[in-house]
Amino acid sequence: MTGGTMPGPSGLAGQVVVAGAGLAGMAVALRMRRPCILLSPAPLARDAASTLAQGGIAAAIGPGDGPALHARDTLAAGAGLCDPAVVAAVTAAAPGAIAALQALGVIFDVGADGAPDLHLEAAHSRPRIAHAAGDGTGAEIMRALAAQVRATPRITVLEGAALRRVLVQGGRVAGVRIAHAGGDAVLPTGACVIATGGVGALFPVTTSPPGGLGHGLACAARAGAVLRDLEFVQFHPTALAAGAEDAGGARPLVSEAVRGAGAILVDESGARFTDELAPRDMVARAIAAHLAAGHRVMLDARAATGGRFAVHFPAIARACLARGIDPDRQPIPVRPAAHYHMGGIETDLNGRSTVPGLWACGEAASTGLHGANRLASNSLLEAFVCGGFVARDLDGASLQTQHLETPHLETQHLPAGTDDPAGPPAALGIEPADIRAGIGRAAGILRDAGGLARAARALAPHAAHDDRALVGAMLCLSALLRRESRGAHCRRDYPMTAARAVHTRLTLDEAMAMLVAMPAAMPIAPTESDLAESEQPADGMLVP
């Protein structure tokens, strides 16, 4: 069933609830044999990060390639924090994932010989990026899977429905509270899968859709789950710098595949200044530093695409032309932007979190695949493959639906005296623009203890009521705890990488204790002296 009218709770009680209808959520729903409820905040296949994915999906299916090489590249990019067993399992499953997606109706691009047309992207040692519609891979995958979901009677799709809280009783998941059709509803269930995406929309400059605010992470934290490595946010080096953001504040992406095809990064003099195919964190910092030094930065694809840019990258070409840029005649102005969250809800390979009955997959999960820095085009791969792992685990699980005793629900996990997180949200008390500016300034490409502590203190009074403030504060606290620079996390006050790689783990109770121990709340905007000391711009995307 698809639509906005929800059957009575008795008709849906006990079914698995999948929160989020991007690639990860739809993969779980389609690959699971159980009946399930799929919560889609927007119309199916709309406003999901998966739909925006341009480059493609990484899989070792080309000549001279293999899963072991793919795994090696993934481990190298992850800077010591990948789980080798998870990396091996996902990369081994990648060729089968391409075949499974084709069976679901995805049409991948092929060359003149009929073989898959594979792109090369940064930090990959082989061309292994399968793509569709040129640079429209995400949209093509979502089109095909959405059609399959609509045609599957055991999947109940609730469009316009979003997860509000995971209800815990007796130490395990007992139900969920959702927002739907202008009100709230409680669904009893013994299993909830959080596939709500990342946190990019918490930053002032992002390629993420407006729903990427970390609500799923907040729901997991308030249910008692461990969040891991929240500090690792990937800043894509080449978001389109010209013109305004798209609707909702997202800035169009200029895919890594453009650089993989031979485009070069130049400044206003035409000089190259960095290795275009280095890992993303290195390229992003190089661009940011060049911008901060007063240069313009552009991606020159004229020679690489030979006047056929729109043939190879039609979606990017449309975005450029809408802003008065012809990539066949002029370089494309670019800048870094928040793009992907490597951290998230800690899970095992089967997607199980630390709370019984709570699973997570996709960008919301920290599976151990990406480590400190995601390898390009591994995200769609993880979403589909790990969605399948979650589905298999759920099919084999013994799920029991408890009788929900509302007065005794263990949903608080908050300091005494705060509002019930399962009830109506309290007045926010802080403007969304202030949250974005504060997080961007503190947790942008370069970080330091002063900025991170200031942002965490400013967000602390709102964390009990506002999921965005909670996730932003926990991200800043995790970044404070990591006193080194590793992968996408770069500390000006701790520029060296520690000899031993360790994960950062944080629960809501631990985060609240840290926030309470901090000095009194401060304004989220820094003082003039703070700015003079840090030289960090409001969006956090320039490197002084």
# chains A, B, ... in the order shown; residues from 1 in each chain; ligands from 1
$ residues_around --residues "Asp300 (chain A)" --least-positions-apart "6" --cutoff "6 Å" --atoms "only C-alpha atoms" --output "number ranges by chain"
A: 263-264, 331
$ residues_around --residues "Arg72 (chain A)" --least-positions-apart "5" --cutoff "12 Å" --atoms "only C-alpha atoms" --output "list in words"
Ala60, Asp65, Gly66, Pro67, Ala77, Gly78, Ala79, Gly80, Cys82, Asp83, Pro84, Ala85, Val87, Ala88, Thr91, Ala92, Ala123, His124, Ser125, Arg126, Leu369 and Leu375 of chain A
$ write_last_selection --atoms "N, CA and C atoms" --output "JSON list (two decimals), in the first residue's frame"
[["chain", "number", "residue", "atom", "x", "y", "z"],
["A", 60, "ALA", "N", 33.92, -4.13, -7.99],
["A", 60, "ALA", "CA", 35.08, -4.64, -8.73],
["A", 60, "ALA", "C", 34.59, -5.64, -9.78],
["A", 65, "ASP", "N", 40.51, -6.21, -11.99],
["A", 65, "ASP", "CA", 40.04, -5.74, -10.68],
["A", 65, "ASP", "C", 39.52, -6.93, -9.88],
["A", 66, "GLY", "N", 39.30, -6.71, -8.61],
["A", 66, "GLY", "CA", 38.74, -7.74, -7.75],
["A", 66, "GLY", "C", 38.37, -7.17, -6.40],
["A", 67, "PRO", "N", 37.53, -7.87, -5.64],
["A", 67, "PRO", "CA", 37.13, -7.37, -4.32],
["A", 67, "PRO", "C", 38.30, -7.07, -3.39],
["A", 77, "ALA", "N", 41.61, 4.59, 2.38],
["A", 77, "ALA", "CA", 40.87, 5.85, 2.55],
["A", 77, "ALA", "C", 40.38, 6.02, 3.97],
["A", 78, "GLY", "N", 40.05, 4.92, 4.65],
["A", 78, "GLY", "CA", 39.46, 4.99, 5.98],
["A", 78, "GLY", "C", 40.42, 5.34, 7.09],
["A", 79, "ALA", "N", 41.71, 5.44, 6.79],
["A", 79, "ALA", "CA", 42.72, 5.97, 7.73],
["A", 79, "ALA", "C", 42.74, 5.25, 9.07],
["A", 80, "GLY", "N", 42.64, 3.93, 9.03],
["A", 80, "GLY", "CA", 42.84, 3.14, 10.24],
["A", 80, "GLY", "C", 41.59, 2.82, 11.03],
["A", 82, "CYS", "N", 38.51, 1.70, 9.61],
["A", 82, "CYS", "CA", 37.60, 0.73, 9.00],
["A", 82, "CYS", "C", 37.67, -0.60, 9.76],
["A", 83, "ASP", "N", 36.58, -1.34, 9.73],
["A", 83, "ASP", "CA", 36.56, -2.70, 10.24],
["A", 83, "ASP", "C", 36.90, -3.62, 9.07],
["A", 84, "PRO", "N", 38.06, -4.26, 9.08],
["A", 84, "PRO", "CA", 38.46, -5.07, 7.91],
["A", 84, "PRO", "C", 37.46, -6.14, 7.55],
["A", 85, "ALA", "N", 36.80, -6.75, 8.54],
["A", 85, "ALA", "CA", 35.82, -7.79, 8.24],
["A", 85, "ALA", "C", 34.61, -7.22, 7.51],
["A", 87, "VAL", "N", 34.63, -4.42, 5.70],
["A", 87, "VAL", "CA", 35.10, -4.01, 4.38],
["A", 87, "VAL", "C", 35.16, -5.22, 3.44],
["A", 88, "ALA", "N", 35.69, -6.34, 3.93],
["A", 88, "ALA", "CA", 35.79, -7.54, 3.10],
["A", 88, "ALA", "C", 34.40, -8.04, 2.69],
["A", 91, "THR", "N", 32.72, -5.37, 0.10],
["A", 91, "THR", "CA", 33.34, -5.35, -1.23],
["A", 91, "THR", "C", 33.17, -6.68, -1.95],
["A", 92, "ALA", "N", 33.14, -7.79, -1.21],
["A", 92, "ALA", "CA", 32.89, -9.08, -1.84],
["A", 92, "ALA", "C", 31.47, -9.17, -2.38],
["A", 123, "ALA", "N", 41.08, 8.08, -5.38],
["A", 123, "ALA", "CA", 41.56, 7.09, -4.41],
["A", 123, "ALA", "C", 41.18, 5.65, -4.77],
["A", 124, "HIS", "N", 40.56, 5.44, -5.92],
["A", 124, "HIS", "CA", 40.36, 4.08, -6.44],
["A", 124, "HIS", "C", 41.56, 3.73, -7.34],
["A", 125, "SER", "N", 42.05, 2.51, -7.22],
["A", 125, "SER", "CA", 43.19, 2.10, -8.03],
["A", 125, "SER", "C", 42.78, 1.54, -9.38],
["A", 126, "ARG", "N", 41.48, 1.33, -9.58],
["A", 126, "ARG", "CA", 40.96, 0.82, -10.84],
["A", 126, "ARG", "C", 39.66, 1.55, -11.19],
["A", 369, "LEU", "N", 32.50, 0.35, 7.61],
["A", 369, "LEU", "CA", 32.97, 0.33, 6.23],
["A", 369, "LEU", "C", 33.83, 1.54, 5.90],
["A", 375, "LEU", "N", 35.49, 6.23, 0.93],
["A", 375, "LEU", "CA", 35.97, 6.11, -0.44],
["A", 375, "LEU", "C", 34.81, 6.42, -1.39]]
$ atom_distance --atom1 "CA of Val283 (chain A)" --atom2 "CA of His236 (chain A)"
8.5 Å
$ closest_residue --among "A:Met514, A:Cys36, A:Ala220, A:Ala458" --to "Ala13 (chain A)" --atoms "only C-alpha atoms"
A:Cys36
$ atom_distance --atom1 "CA of Thr156 (chain A)" --atom2 "CA of Ala48 (chain A)"
18.6 Å
$ atom_distance --atom1 "CA of Cys192 (chain A)" --atom2 "CA of Gln148 (chain A)"
21.4 Å
$ closest_residue --among "A:Ala99, A:Met518, A:Arg468, A:Ile435" --to "Ala453 (chain A)" --atoms "only C-alpha atoms"
A:Met518
$ select_by_dssp --residues "region 277-406 of chain A" --states "strand (DSSP E or B)" --output "PyMOL selection string"
chain A and resi 297-300+332-341+344-346+352+358-360+365-366
$ write_last_selection --atoms "C-alpha atoms" --output "compact mmCIF listing (two decimals), in the first residue's frame"
# COMPACT_ATOMS: atom_id res chain seq x y z
CA VAL A 297 39.00 27.85 -7.74
CA MET A 298 37.54 26.24 -10.84
CA LEU A 299 37.23 22.80 -12.36
CA ASP A 300 38.31 22.84 -15.99
CA ILE A 332 33.23 25.55 -13.44
CA PRO A 333 33.60 27.52 -10.17
CA VAL A 334 33.67 25.10 -7.21
CA ARG A 335 33.99 25.09 -3.43
CA PRO A 336 33.85 22.52 -0.62
CA ALA A 337 30.54 21.62 1.04
CA ALA A 338 29.38 19.20 3.73
CA HIS A 339 28.49 16.03 1.87
CA TYR A 340 28.50 12.74 3.83
CA HIS A 341 28.58 11.55 7.44
CA GLY A 344 26.33 7.42 13.03
CA ILE A 345 24.54 4.73 15.02
CA GLU A 346 27.01 2.02 15.95
CA ARG A 352 22.06 -4.30 14.93
CA LEU A 358 16.86 -1.35 16.85
CA TRP A 359 18.69 -1.70 13.53
CA ALA A 360 20.30 0.97 11.34
CA ALA A 365 24.71 3.82 10.53
CA SER A 366 28.34 3.49 11.51
$ closest_residue --among "A:Leu253, A:Gly371, A:Gly197, A:Ala511" --to "Arg457 (chain A)" --atoms "only C-alpha atoms"
A:Ala511
$ closest_residue --among "A:Leu39, A:Ala24, A:Ala437, A:Ala513" --to "Ile155 (chain A)" --atoms "only C-alpha atoms"
A:Leu39
$ residues_around --residues "Ala242 (chain A)" --least-positions-apart "3" --cutoff "10 Å" --atoms "only C-alpha atoms" --output "PyMOL selection string"
chain A and resi 239+245+251-252+319-320+322-325+332-335
$ closest_residue --among "A:Met512, A:Val86, A:Ile37, A:Ala376" --to "Thr189 (chain A)" --atoms "only C-alpha atoms"
A:Ile37
$ residues_around --residues "Ala201 (chain A)" --least-positions-apart "5" --cutoff "10 Å" --atoms "only C-alpha atoms" --output "MDAnalysis selection string"
chainID A and resid 206:214 248:250 338:339 436 468
$ residues_around --residues "Ala469 (chain A)" --least-positions-apart "6" --cutoff "8 Å" --atoms "only C-alpha atoms" --output "PDB file with C-alpha atoms, in the first residue's frame"
ATOM      1  CA  ILE A 435      22.408  26.122  14.504  1.00  0.00           C
ATOM      2  CA  LEU A 459      23.501  24.076  21.761  1.00  0.00           C
ATOM      3  CA  ALA A 460      23.313  22.408  25.188  1.00  0.00           C
ATOM      4  CA  HIS A 462      18.235  23.197  23.478  1.00  0.00           C
ATOM      5  CA  ALA A 463      19.406  19.580  23.188  1.00  0.00           C
TER       6      ALA A 463
END
$ residues_around --residues "Glu510 (chain A)" --least-positions-apart "4" --cutoff "12 Å" --atoms "only C-alpha atoms" --output "NGL selection string"
:A and (221-222 or 224-227 or 413-415 or 473-474 or 477-478 or 504-506 or 514-517)
$ write_last_selection --atoms "all heavy atoms" --output "tab-separated table (two decimals), in the first residue's frame"
chain	number	residue	atom	x	y	z
A	221	ALA	N	19.74	7.95	19.86
A	221	ALA	CA	20.40	8.39	21.09
A	221	ALA	C	19.41	8.47	22.24
A	221	ALA	O	19.70	8.04	23.37
A	221	ALA	CB	21.07	9.74	20.87
A	222	ARG	N	18.22	9.01	21.98
A	222	ARG	CA	17.22	9.14	23.05
A	222	ARG	C	16.69	7.78	23.48
A	222	ARG	O	16.16	7.63	24.58
A	222	ARG	CB	16.09	10.05	22.58
A	222	ARG	CG	16.52	11.50	22.30
A	222	ARG	CD	15.33	12.41	22.13
A	222	ARG	NE	15.67	13.69	21.50
A	222	ARG	CZ	16.19	14.73	22.14
A	222	ARG	NH1	16.46	14.64	23.43
A	222	ARG	NH2	16.44	15.86	21.49
A	224	GLY	N	18.76	5.32	23.85
A	224	GLY	CA	19.86	4.74	24.60
A	224	GLY	C	20.97	4.13	23.76
A	224	GLY	O	21.90	3.53	24.30
A	225	ALA	N	20.91	4.28	22.44
A	225	ALA	CA	21.91	3.66	21.57
A	225	ALA	C	23.23	4.41	21.62
A	225	ALA	O	23.30	5.60	21.89
A	225	ALA	CB	21.39	3.62	20.12
A	226	VAL	N	24.29	3.67	21.32
A	226	VAL	CA	25.63	4.26	21.20
A	226	VAL	C	25.78	4.85	19.80
A	226	VAL	O	25.48	4.20	18.80
A	226	VAL	CB	26.73	3.20	21.43
A	226	VAL	CG1	28.11	3.78	21.15
A	226	VAL	CG2	26.66	2.66	22.86
A	227	LEU	N	26.24	6.10	19.74
A	227	LEU	CA	26.60	6.73	18.48
A	227	LEU	C	28.13	6.73	18.37
A	227	LEU	O	28.83	6.98	19.35
A	227	LEU	CB	26.07	8.15	18.39
A	227	LEU	CG	24.56	8.33	18.60
A	227	LEU	CD1	24.15	9.77	18.30
A	227	LEU	CD2	23.75	7.36	17.75
A	413	HIS	N	15.57	9.13	29.08
A	413	HIS	CA	17.01	9.26	28.84
A	413	HIS	C	17.43	10.72	28.71
A	413	HIS	O	18.24	11.09	27.88
A	413	HIS	CB	17.43	8.47	27.59
A	413	HIS	CG	17.47	7.00	27.84
A	413	HIS	ND1	18.55	6.34	28.33
A	413	HIS	CD2	16.51	6.06	27.67
A	413	HIS	CE1	18.29	5.06	28.45
A	413	HIS	NE2	17.06	4.86	28.05
A	414	LEU	N	16.84	11.57	29.53
A	414	LEU	CA	17.14	12.99	29.52
A	414	LEU	C	17.25	13.48	30.95
A	414	LEU	O	16.75	12.84	31.88
A	414	LEU	CB	16.01	13.77	28.80
A	414	LEU	CG	15.90	13.55	27.29
A	414	LEU	CD1	14.61	14.16	26.78
A	414	LEU	CD2	17.09	14.16	26.59
A	415	PRO	N	17.87	14.61	31.17
A	415	PRO	CA	17.95	15.14	32.53
A	415	PRO	C	16.56	15.38	33.10
A	415	PRO	O	15.61	15.68	32.38
A	415	PRO	CB	18.71	16.47	32.34
A	415	PRO	CG	19.44	16.31	31.06
A	415	PRO	CD	18.59	15.44	30.21
A	473	ALA	N	25.35	19.10	19.03
A	473	ALA	CA	26.16	19.12	20.25
A	473	ALA	C	26.98	17.84	20.38
A	473	ALA	O	28.16	17.87	20.73
A	473	ALA	CB	25.26	19.30	21.46
A	474	MET	N	26.36	16.69	20.09
A	474	MET	CA	27.08	15.42	20.20
A	474	MET	C	28.19	15.32	19.17
A	474	MET	O	29.27	14.77	19.45
A	474	MET	CB	26.11	14.25	20.07
A	474	MET	CG	25.14	14.13	21.25
A	474	MET	SD	24.03	12.69	21.16
A	474	MET	CE	25.17	11.35	21.58
A	477	LEU	N	30.98	17.43	20.57
A	477	LEU	CA	31.62	16.74	21.70
A	477	LEU	C	32.52	15.62	21.21
A	477	LEU	O	33.63	15.42	21.73
A	477	LEU	CB	30.55	16.18	22.64
A	477	LEU	CG	29.73	17.20	23.43
A	477	LEU	CD1	28.63	16.50	24.22
A	477	LEU	CD2	30.62	18.03	24.36
A	478	SER	N	32.07	14.86	20.22
A	478	SER	CA	32.90	13.79	19.67
A	478	SER	C	34.17	14.36	19.06
A	478	SER	O	35.26	13.79	19.20
A	478	SER	CB	32.12	13.00	18.62
A	478	SER	OG	31.03	12.32	19.20
A	504	THR	N	35.46	6.82	18.58
A	504	THR	CA	34.79	7.68	19.55
A	504	THR	C	33.37	7.17	19.73
A	504	THR	O	32.63	7.08	18.74
A	504	THR	CB	34.75	9.15	19.07
A	504	THR	OG1	36.09	9.60	18.84
A	504	THR	CG2	34.10	10.04	20.11
A	505	ARG	N	33.00	6.83	20.94
A	505	ARG	CA	31.65	6.33	21.24
A	505	ARG	C	31.00	7.25	22.25
A	505	ARG	O	31.64	7.69	23.21
A	505	ARG	CB	31.69	4.90	21.76
A	505	ARG	CG	32.13	3.87	20.74
A	505	ARG	CD	32.15	2.47	21.31
A	505	ARG	NE	32.35	1.46	20.28
A	505	ARG	CZ	33.52	1.03	19.87
A	505	ARG	NH1	34.63	1.53	20.40
A	505	ARG	NH2	33.60	0.11	18.92
A	506	LEU	N	29.72	7.53	22.06
A	506	LEU	CA	29.03	8.49	22.91
A	506	LEU	C	27.57	8.09	23.02
A	506	LEU	O	26.92	7.80	22.02
A	506	LEU	CB	29.14	9.89	22.31
A	506	LEU	CG	28.93	11.11	23.21
A	506	LEU	CD1	29.93	11.11	24.37
A	506	LEU	CD2	29.09	12.39	22.39
A	514	MET	N	28.69	15.52	29.92
A	514	MET	CA	29.76	16.40	29.45
A	514	MET	C	29.26	17.83	29.33
A	514	MET	O	29.97	18.78	29.71
A	514	MET	CB	30.28	15.92	28.10
A	514	MET	CG	31.09	14.64	28.15
A	514	MET	SD	31.63	14.11	26.49
A	514	MET	CE	32.76	15.44	26.05
A	515	LEU	N	28.05	17.99	28.81
A	515	LEU	CA	27.51	19.34	28.63
A	515	LEU	C	27.25	20.01	29.97
A	515	LEU	O	27.51	21.21	30.13
A	515	LEU	CB	26.22	19.28	27.80
A	515	LEU	CG	26.40	18.87	26.34
A	515	LEU	CD1	25.05	18.62	25.68
A	515	LEU	CD2	27.18	19.93	25.57
A	516	VAL	N	26.74	19.25	30.93
A	516	VAL	CA	26.48	19.82	32.25
A	516	VAL	C	27.79	20.25	32.91
A	516	VAL	O	27.84	21.25	33.64
A	516	VAL	CB	25.74	18.79	33.13
A	516	VAL	CG1	25.72	19.23	34.60
A	516	VAL	CG2	24.31	18.60	32.63
A	517	ALA	N	28.86	19.51	32.66
A	517	ALA	CA	30.15	19.83	33.27
A	517	ALA	C	30.82	21.04	32.65
A	517	ALA	O	31.77	21.59	33.21
A	517	ALA	CB	31.08	18.62	33.18
$ residues_around --residues "region 482-492 of chain A" --least-positions-apart "3" --cutoff "6 Å" --atoms "only C-alpha atoms" --output "list of chain:residue names"
A:Ala79, A:Phe232, A:Gln234, A:Asp281, A:Ala372, A:Asn373, A:Leu446, A:Arg447, A:Asp448, A:Ala479, A:Pro495, A:Met496, A:Thr497
$ closest_residue --among "A:Gly294, A:Pro43, A:Pro95, A:Gly170" --to "Glu405 (chain A)" --atoms "only C-alpha atoms"
A:Gly170
$ select_by_dssp --residues "region 31-251 of chain A" --states "helix (DSSP H, G or I)" --output "PyMOL selection string"
chain A and resi 31+49-52+67-77+84-103+137-150+200-202+215-222
